[in-house]
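Structure record follows, encoded as structure tokens.
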Amino acid sequence: MTVMTPKFGLGASVLRLEDDRLIRGAGRYTDDESRPGMLHAAVVRSPHASARFTIADIEAAKAAPGVRLVLTHADVAELGDIPCLGKPSMADGAEFASRNAPVLCKDVVRHVGDAVAFVVADTAMQAKDAAELVEVDYEPLDAVADLKAVMGEGAPLVWPEAGSNVAGRIHVGDKAATQSAFENAARTVKIELVQNRLVCNYMEVRSAIGEFVEDEDRFQLTSGSQGVHSLRNTLANVVFKVDPSKIRVVTRDVGGGFGTKAFLYREYALVLFAGKTLGRPVKWTADRSEHFVTDTHGRDNIVTGEMAIDENGRFTGLRIDIAANLGAYSSQYGPMIPWFGMSMATGLYDIPAIDVGCAVYYTNTVPVDAYRGAGRPEAAYLIERLVDKCAVELGVGRDEIRRNNFIKPEQLPYKTAFGRLYDTGDFAGHMAEGMRRADWAGFEARRETAKAEGKLRGIGMATYVEACAFPGSEPAYAELTSDGRVTLKIGTQTNGQGHETAYAQFVAEALKLDYDRIDVRQGDTDDTPTGGGTGGSRSIPLGAVSVRRASQALAEKLKKLASDELEAAAADIEIEGGFARVAGTDRAIDFFALAAAAKSAEDLKAMGEFKQDECTYPNGTHICEVEVDEETGVVEIVAYTIVDDFGVTVNPALLAGQIHGGVAQGLGQALLEDTVYSVDGQLVSASFMDYAMPRAWDLPMFDFKTRNVPSTTNALGIKGAGEAGTIGAAPAVMNAVADALRPAGVGHIDMPATPSRVWDALQAAGRA
């Protein structure tokens, strides 16, 4: 039987509608924007990781050509600090005591790139030249940048008044039950891993335009973001201390977000303050070097995991100890990220007892916050590397130990030891399908062929689960406009995922309207009263349901309006192709006339909202096959297979793009990306000359398939997919690398498995 792909709605493989204008260069990114009389800004940044400072002279900068304003801390002292909004409860029940970043530093800087002064001039080059004329006297202090160093005795204090670099301690689980599991275990297995720090490196660096609109008596910020409402609310309530109605935030096109563009940065407050002070728009745009030392970094953990196993090879207890780097300040959600990971520590396994502790530390480094996956990649990496080690030490198959310990379909819905409620899935099913597609059974023959060619070949798998589309809602607003078009407004924010396309599918489905007559609008606090933004793979699971409901509600309103005009029952009205028609007749009215016939604006508007009470839990299997060149240490990915359960697929083409991109980021972490600080806190890998990003030749062709089991917590059965590729990739790659190196005597290797690291490990194993 032939299955027809739908043209509209759920399951339609519609090509990205936004690509036409983006490919033609018609996109509107923040740095493309200009305003009459617009000025430009530059930030004076600390060259030291830790120092006391005084600003000796700003007169030379103020007198430089084109300079309009020089701001220091004293000028902006009235502004509130950049706040930490995500504060987990501490192990002792206390609230996390955050250390917030000032808009401009006063007396002390705490990482290279910390903001000291702000210069505004007629041109960007004049602002940068004048910034170099600001005289700052620094008294360098001892710094600490490395997690192992900060945990040692006598480490310099980032916040001396705190008396310790420990920001707090988090705990989840049952210590007593876990201790009992270990005391009664037939076998225990332990692993220690490093989660390397990552720099986001989206294609579009951050930029912001600040204005004060006199006739409206309010600020306007234009900037690339992952949600305008959060920026508006924090700027209003915390930084400027005004009513949110006094600030409008606008986001146009965004060239990548990945979590890092979700946050409020100091430059946004500075351009607004300067714009009001000068009565003219002020633009600031980062360069790539600034991105490395200002935009939040990701990951950076050291973790030890230990599994208790009974005589039947069943997991009975899991004990984890995490050290997490927060950087110099408590970033917006930074302290919560380890907690997110801790909540997913058991993965897809039926582990009855867990004991997970995490100490979070301040260091003299760029703050750490959510980066694609936000704690869940860290959790999946630990459990999947540990499970592989359990299989090796017990002498059983890596698939066998997983199959033996998976949560079974008949156990669902299943509440984990943390309290996460997995609703649906067939975990052994997608692993088996992945193994079949990857020809797992034929691998040993391929290993022998590679060995004959002087290569080490390995295969690895990772099964993963993540929590996403967190409880909440995302209202959507649909409207028929006077030109016969339909406008959809929603408070999520596309960063390149294809929201214009996905949302338009549901509008088109309800109204049987061509895509070129649908306008999707995001990124303006004036358009929607609220908005949760984009993050945690929430936009489609929550937003799409609301869009469908809003579109269906609009269709009903239009049928009612048409029934009055056509003197027919609303139940007899059909809507298609921009017309409302009495079924079975030629009596019809087009959308233009329908809009003109409305007695009030509300006749042409509809709102839809879906409120979700529980997370969704996408899951799947990644299988990676690698070859390692013993002479050079180069790792080549020769095959990569993915079988995922996303509940329901909205658009297969968009989904494949999300998964491919996510896997690429995971491969980057596993094999290439390494953020290196010197002992005195200088970021050594602060450019693309030193920080390796994945190139096309680093990536294999992906074999991607879905094996969906619809979610019961989502109205459309959708589970979410934006972060999944990143979560499954790193452990699959590193398990494959470990499998390749094990016959050569290499017992352990951490990310990134760069050629030099692999070669060193092989040489050390050879000497041993």
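The chains in the structure tokens are called A, B, ... from first to last as shown; in each chain the residues are counted from 1, and the ligands are counted from 1 in the order shown.
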
- Which residues, written as number ranges by chain, have at least one atom at most 9 Å from A:Leu699, with only C-alpha atoms counted and residues fewer than 3 positions away on the same chain left out? A: 636-638, 664, 667, 694-696, 702

With all heavy atoms kept, could you save the residues just selected as a PDB file, in the first residue's frame?
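part_0.pdb written:
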ATOM      1  N   GLU A 636      38.694   8.526  12.255  1.00  0.00           N
ATOM      2  CA  GLU A 636      37.755   8.752  11.153  1.00  0.00           C
ATOM      3  C   GLU A 636      36.451   8.034  11.454  1.00  0.00           C
ATOM      4  O   GLU A 636      36.453   6.841  11.773  1.00  0.00           O
ATOM      5  CB  GLU A 636      38.320   8.238   9.834  1.00  0.00           C
ATOM      6  CG  GLU A 636      37.368   8.443   8.656  1.00  0.00           C
ATOM      7  CD  GLU A 636      37.856   7.777   7.375  1.00  0.00           C
ATOM      8  OE1 GLU A 636      38.924   7.148   7.385  1.00  0.00           O
ATOM      9  OE2 GLU A 636      37.126   7.879   6.360  1.00  0.00           O
ATOM     10  N   ILE A 637      35.349   8.754  11.365  1.00  0.00           N
ATOM     11  CA  ILE A 637      34.036   8.132  11.513  1.00  0.00           C
ATOM     12  C   ILE A 637      33.648   7.559  10.158  1.00  0.00           C
ATOM     13  O   ILE A 637      33.486   8.297   9.183  1.00  0.00           O
ATOM     14  CB  ILE A 637      32.998   9.145  12.004  1.00  0.00           C
ATOM     15  CG1 ILE A 637      33.389   9.691  13.379  1.00  0.00           C
ATOM     16  CG2 ILE A 637      31.612   8.510  12.066  1.00  0.00           C
ATOM     17  CD1 ILE A 637      32.501  10.798  13.882  1.00  0.00           C
ATOM     18  N   VAL A 638      33.494   6.253  10.097  1.00  0.00           N
ATOM     19  CA  VAL A 638      33.221   5.605   8.812  1.00  0.00           C
ATOM     20  C   VAL A 638      31.739   5.266   8.631  1.00  0.00           C
ATOM     21  O   VAL A 638      31.299   5.027   7.498  1.00  0.00           O
ATOM     22  CB  VAL A 638      34.085   4.334   8.644  1.00  0.00           C
ATOM     23  CG1 VAL A 638      35.557   4.708   8.562  1.00  0.00           C
ATOM     24  CG2 VAL A 638      33.850   3.341   9.770  1.00  0.00           C
ATOM     25  N   ALA A 664      26.336  16.665  14.612  1.00  0.00           N
ATOM     26  CA  ALA A 664      27.580  17.357  14.265  1.00  0.00           C
ATOM     27  C   ALA A 664      28.174  18.055  15.490  1.00  0.00           C
ATOM     28  O   ALA A 664      29.396  18.032  15.702  1.00  0.00           O
ATOM     29  CB  ALA A 664      27.319  18.371  13.149  1.00  0.00           C
ATOM     30  N   LEU A 667      29.647  15.356  17.731  1.00  0.00           N
ATOM     31  CA  LEU A 667      30.918  14.867  17.188  1.00  0.00           C
ATOM     32  C   LEU A 667      32.029  15.887  17.421  1.00  0.00           C
ATOM     33  O   LEU A 667      33.178  15.531  17.680  1.00  0.00           O
ATOM     34  CB  LEU A 667      30.790  14.582  15.689  1.00  0.00           C
ATOM     35  CG  LEU A 667      29.716  13.585  15.232  1.00  0.00           C
ATOM     36  CD1 LEU A 667      29.874  13.293  13.751  1.00  0.00           C
ATOM     37  CD2 LEU A 667      29.783  12.307  16.028  1.00  0.00           C
ATOM     38  N   PRO A 694      33.981  21.378  13.783  1.00  0.00           N
ATOM     39  CA  PRO A 694      33.774  20.357  12.755  1.00  0.00           C
ATOM     40  C   PRO A 694      33.650  20.965  11.368  1.00  0.00           C
ATOM     41  O   PRO A 694      32.971  21.975  11.178  1.00  0.00           O
ATOM     42  CB  PRO A 694      32.451  19.699  13.171  1.00  0.00           C
ATOM     43  CG  PRO A 694      32.248  20.073  14.595  1.00  0.00           C
ATOM     44  CD  PRO A 694      32.906  21.396  14.786  1.00  0.00           C
ATOM     45  N   ARG A 695      34.331  20.371  10.421  1.00  0.00           N
ATOM     46  CA  ARG A 695      34.187  20.723   9.007  1.00  0.00           C
ATOM     47  C   ARG A 695      33.398  19.624   8.307  1.00  0.00           C
ATOM     48  O   ARG A 695      33.172  18.554   8.868  1.00  0.00           O
ATOM     49  CB  ARG A 695      35.566  20.851   8.342  1.00  0.00           C
ATOM     50  CG  ARG A 695      36.161  22.244   8.389  1.00  0.00           C
ATOM     51  CD  ARG A 695      36.581  22.674   9.747  1.00  0.00           C
ATOM     52  NE  ARG A 695      37.418  23.891   9.696  1.00  0.00           N
ATOM     53  CZ  ARG A 695      37.919  24.466  10.771  1.00  0.00           C
ATOM     54  NH1 ARG A 695      37.689  23.956  11.980  1.00  0.00           N
ATOM     55  NH2 ARG A 695      38.654  25.549  10.660  1.00  0.00           N
ATOM     56  N   ALA A 696      33.034  19.877   7.071  1.00  0.00           N
ATOM     57  CA  ALA A 696      32.243  18.896   6.334  1.00  0.00           C
ATOM     58  C   ALA A 696      32.961  17.557   6.246  1.00  0.00           C
ATOM     59  O   ALA A 696      32.334  16.491   6.359  1.00  0.00           O
ATOM     60  CB  ALA A 696      31.923  19.423   4.929  1.00  0.00           C
ATOM     61  N   PHE A 702      24.834  10.238   7.421  1.00  0.00           N
ATOM     62  CA  PHE A 702      24.054   9.709   8.528  1.00  0.00           C
ATOM     63  C   PHE A 702      22.946   8.802   8.014  1.00  0.00           C
ATOM     64  O   PHE A 702      22.234   9.149   7.066  1.00  0.00           O
ATOM     65  CB  PHE A 702      23.426  10.849   9.335  1.00  0.00           C
ATOM     66  CG  PHE A 702      24.420  11.792   9.940  1.00  0.00           C
ATOM     67  CD1 PHE A 702      24.474  13.114   9.521  1.00  0.00           C
ATOM     68  CD2 PHE A 702      25.296  11.371  10.915  1.00  0.00           C
ATOM     69  CE1 PHE A 702      25.383  13.999  10.075  1.00  0.00           C
ATOM     70  CE2 PHE A 702      26.212  12.238  11.482  1.00  0.00           C
ATOM     71  CZ  PHE A 702      26.261  13.567  11.059  1.00  0.00           C
TER      72      PHE A 702
END

- Surrounding residues of stretch 4-14 of chain A excluding itself and chain neighbours under 5 positions, 12 Å, only C-alpha atoms, as a PyMOL selection string: chain A and resi 19+498-515+540-541+544-545+547-548+551-552+647-657+716-718

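All residues of protein, DNA or RNA that reach within 7 Å of A:Leu412, judged by only C-alpha atoms and not counting those fewer than 5 positions away in the chain, are A:Tyr422, A:Asp423, A:Thr424.
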
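The residue set within 7 Å of stretch 61-70 of chain A, counting only C-alpha atoms and dropping same-chain residues fewer than 3 places from it, reads Ile58, Phe118, Val119, Val120, Ala121, Asp122, Gln126, Ala127, Ala130, Ala131, Leu133 and Val134 of chain A.
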
- Selection near stretch 216-230 of chain A, 8 Å with only C-alpha atoms, sequence-local residues under 3 positions removed, as a VMD selection string: chain A and resid 29 to 30 206 to 213 233 to 234 245 to 255 257 259 261 to 263 268 272 276 491 to 495 523 to 525 530 to 535

- Task: Within stretch 229-329 of chain A, find each residue whose DSSP state, derived from the backbone, is helix (DSSP H, G or I), and express the selection as a VMD selection string.
- Result: chain A and resid 229 to 240 244 to 246 260 to 262 266 to 278 288 to 294

If we count only C-alpha atoms and set the cut-off at 10 Å, which residues sit around A:Asp690, ignoring sequence neighbours fewer than 6 positions away in its own chain? Please answer as a PDB file with N, CA, C and O atoms, in the first residue's frame.
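Ended up saving to part25.pdb:
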ATOM      1  N   GLU A 673      36.655  19.749  19.711  1.00  0.00           N
ATOM      2  CA  GLU A 673      36.559  21.027  20.418  1.00  0.00           C
ATOM      3  C   GLU A 673      37.174  20.937  21.818  1.00  0.00           C
ATOM      4  O   GLU A 673      36.776  20.105  22.623  1.00  0.00           O
ATOM      5  N   ASP A 674      38.097  21.843  22.101  1.00  0.00           N
ATOM      6  CA  ASP A 674      38.786  21.836  23.388  1.00  0.00           C
ATOM      7  C   ASP A 674      39.041  23.273  23.815  1.00  0.00           C
ATOM      8  O   ASP A 674      39.783  24.006  23.164  1.00  0.00           O
ATOM      9  N   THR A 675      38.411  23.678  24.904  1.00  0.00           N
ATOM     10  CA  THR A 675      38.580  25.025  25.442  1.00  0.00           C
ATOM     11  C   THR A 675      39.700  24.982  26.467  1.00  0.00           C
ATOM     12  O   THR A 675      39.560  24.331  27.509  1.00  0.00           O
ATOM     13  N   VAL A 676      40.786  25.660  26.179  1.00  0.00           N
ATOM     14  CA  VAL A 676      41.991  25.547  27.008  1.00  0.00           C
ATOM     15  C   VAL A 676      42.301  26.883  27.672  1.00  0.00           C
ATOM     16  O   VAL A 676      42.443  27.912  26.995  1.00  0.00           O
ATOM     17  N   VAL A 684      43.517  30.265  26.018  1.00  0.00           N
ATOM     18  CA  VAL A 684      44.522  29.969  24.998  1.00  0.00           C
ATOM     19  C   VAL A 684      43.858  29.664  23.654  1.00  0.00           C
ATOM     20  O   VAL A 684      44.359  30.046  22.595  1.00  0.00           O
TER      21      VAL A 684
END

- Query: Quick one: DSSP strand (DSSP E) residues in stretch 37-189 of chain A, as a PyMOL selection string?
  - Reply: chain A and resi 39-45+51-57+67-71+108-109+115-121+135-140+166-173+187-189

Please produce a file of the residues just selected, as a short mmCIF file (atom, residue, chain, number, x, y, z; two decimals), in the first residue's frame, where the atoms kept are N, CA and C atoms.
data_model
loop_
_atom_site.label_atom_id
_atom_site.label_comp_id
_atom_site.auth_asym_id
_atom_site.auth_seq_id
_atom_site.Cartn_x
_atom_site.Cartn_y
_atom_site.Cartn_z
N LEU A 39 24.59 55.49 16.33
CA LEU A 39 25.97 55.49 16.82
C LEU A 39 26.41 54.05 17.06
N HIS A 40 27.72 53.90 17.33
CA HIS A 40 28.28 52.56 17.48
C HIS A 40 29.10 52.48 18.77
N ALA A 41 29.17 51.27 19.33
CA ALA A 41 29.80 51.12 20.63
C ALA A 41 30.84 50.02 20.63
N ALA A 42 31.75 50.14 21.59
CA ALA A 42 32.76 49.12 21.86
C ALA A 42 32.92 48.99 23.37
N VAL A 43 33.33 47.82 23.81
CA VAL A 43 33.49 47.54 25.23
C VAL A 43 34.97 47.43 25.56
N VAL A 44 35.37 48.09 26.64
CA VAL A 44 36.72 47.92 27.18
C VAL A 44 36.69 46.69 28.07
N ARG A 45 37.53 45.71 27.78
CA ARG A 45 37.47 44.43 28.49
C ARG A 45 38.79 44.14 29.19
N ALA A 51 41.88 40.64 38.84
CA ALA A 51 42.67 41.85 39.12
C ALA A 51 41.80 42.89 39.82
N ARG A 52 42.46 43.69 40.66
CA ARG A 52 41.84 44.93 41.10
C ARG A 52 42.19 45.99 40.05
N PHE A 53 41.31 46.98 39.91
CA PHE A 53 41.61 47.99 38.90
C PHE A 53 41.04 49.33 39.30
N THR A 54 41.64 50.35 38.75
CA THR A 54 41.08 51.70 38.79
C THR A 54 41.17 52.27 37.38
N ILE A 55 40.18 53.08 37.03
CA ILE A 55 40.22 53.74 35.73
C ILE A 55 40.96 55.06 35.91
N ALA A 56 42.16 55.10 35.35
CA ALA A 56 43.04 56.25 35.58
C ALA A 56 42.62 57.47 34.78
N ASP A 57 42.17 57.24 33.54
CA ASP A 57 41.85 58.39 32.69
C ASP A 57 40.92 57.98 31.56
N VAL A 67 33.86 60.44 19.25
CA VAL A 67 33.36 59.86 20.50
C VAL A 67 32.24 60.72 21.09
N ARG A 68 31.16 60.06 21.51
CA ARG A 68 30.00 60.75 22.07
C ARG A 68 29.81 60.47 23.56
N LEU A 69 30.33 59.31 24.03
CA LEU A 69 30.06 58.93 25.41
C LEU A 69 31.05 57.87 25.86
N VAL A 70 31.50 57.98 27.09
CA VAL A 70 32.30 56.94 27.73
C VAL A 70 31.65 56.63 29.07
N LEU A 71 31.26 55.37 29.26
CA LEU A 71 30.60 54.96 30.50
C LEU A 71 31.51 54.06 31.32
N VAL A 108 36.99 45.35 40.65
CA VAL A 108 37.55 44.00 40.48
C VAL A 108 37.02 43.38 39.19
N VAL A 109 37.92 42.73 38.46
CA VAL A 109 37.51 41.90 37.32
C VAL A 109 37.78 40.45 37.65
N ALA A 115 33.74 43.17 31.58
CA ALA A 115 33.48 44.50 31.02
C ALA A 115 33.86 45.60 32.01
N VAL A 116 34.68 46.54 31.54
CA VAL A 116 35.20 47.61 32.39
C VAL A 116 34.62 48.97 32.00
N ALA A 117 34.48 49.24 30.71
CA ALA A 117 33.96 50.53 30.25
C ALA A 117 33.28 50.33 28.91
N PHE A 118 32.48 51.35 28.52
CA PHE A 118 31.68 51.28 27.31
C PHE A 118 31.85 52.60 26.56
N VAL A 119 32.26 52.52 25.30
CA VAL A 119 32.57 53.71 24.52
C VAL A 119 31.62 53.79 23.32
N VAL A 120 31.03 54.96 23.11
CA VAL A 120 30.10 55.18 22.00
C VAL A 120 30.65 56.27 21.09
N ALA A 121 30.67 55.99 19.78
CA ALA A 121 31.20 56.96 18.80
C ALA A 121 30.38 56.91 17.53
N GLU A 135 42.43 54.51 29.95
CA GLU A 135 43.57 54.05 30.76
C GLU A 135 43.06 53.35 32.01
N VAL A 136 43.42 52.08 32.13
CA VAL A 136 43.01 51.28 33.28
C VAL A 136 44.26 50.75 33.97
N ASP A 137 44.36 51.01 35.26
CA ASP A 137 45.47 50.48 36.05
C ASP A 137 45.02 49.19 36.71
N TYR A 138 45.66 48.09 36.31
CA TYR A 138 45.31 46.78 36.87
C TYR A 138 46.36 46.33 37.88
N GLU A 139 45.89 45.74 38.94
CA GLU A 139 46.76 45.06 39.91
C GLU A 139 46.42 43.57 39.82
N PRO A 140 47.16 42.81 39.01
CA PRO A 140 46.80 41.40 38.82
C PRO A 140 46.81 40.61 40.12
N VAL A 166 33.54 27.07 46.49
CA VAL A 166 32.37 26.21 46.34
C VAL A 166 31.13 27.09 46.35
N ALA A 167 30.43 27.14 45.22
CA ALA A 167 29.21 27.94 45.14
C ALA A 167 28.05 27.27 45.85
N GLY A 168 28.07 25.94 45.90
CA GLY A 168 27.01 25.21 46.56
C GLY A 168 27.13 23.73 46.29
N ARG A 169 26.34 22.95 47.02
CA ARG A 169 26.32 21.50 46.84
C ARG A 169 24.87 21.06 46.64
N ILE A 170 24.67 20.25 45.60
CA ILE A 170 23.34 19.75 45.24
C ILE A 170 23.32 18.24 45.46
N HIS A 171 22.19 17.73 45.88
CA HIS A 171 22.08 16.27 46.05
C HIS A 171 20.70 15.80 45.61
N VAL A 172 20.66 14.67 44.92
CA VAL A 172 19.41 13.99 44.62
C VAL A 172 19.58 12.51 44.91
N GLY A 173 18.49 11.86 45.29
CA GLY A 173 18.55 10.43 45.50
C GLY A 173 18.44 10.02 46.96
N ARG A 187 29.12 -7.15 42.19
CA ARG A 187 30.22 -6.50 41.46
C ARG A 187 29.95 -5.01 41.41
N THR A 188 31.00 -4.20 41.47
CA THR A 188 30.86 -2.76 41.25
C THR A 188 31.85 -2.34 40.17
N VAL A 189 31.45 -1.34 39.40
CA VAL A 189 32.29 -0.81 38.32
C VAL A 189 32.32 0.70 38.44
#

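Nearest residue to A:Asp760 among A:Pro47, A:Gly633, A:Pro244, A:Gly668 is A:Gly633, counting only C-alpha atoms.
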
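Proximity ranking of A:Asp295, A:Glu153, A:Asp32, A:Asp645 relative to A:Glu466 places A:Asp645 first, based on only C-alpha atoms.
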
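Checking A:Gly37, A:Lys415, A:Val663, A:Arg707 one by one against A:Leu278, counting only C-alpha atoms, you find the shortest gap at A:Gly37.
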
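Taking only C-alpha atoms into account, A:Met701 lies nearest to A:Thr641 out of the set A:Thr641, A:Thr178, A:Thr72, A:Gln411.
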
- Between A:Leu554, A:Ile573, A:Ala359, A:Ala143, which is the closest to A:Glu602 once you count only C-alpha atoms? A:Leu554

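Shortest separation to A:Thr632 among A:Thr528, A:Thr706, A:Ser756, A:Asn196 occurs at residue A:Ser756, atoms counted being only C-alpha atoms.
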
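One finds atom CA of A:Ala274 at 17.8 Å from atom CA of A:Glu33.
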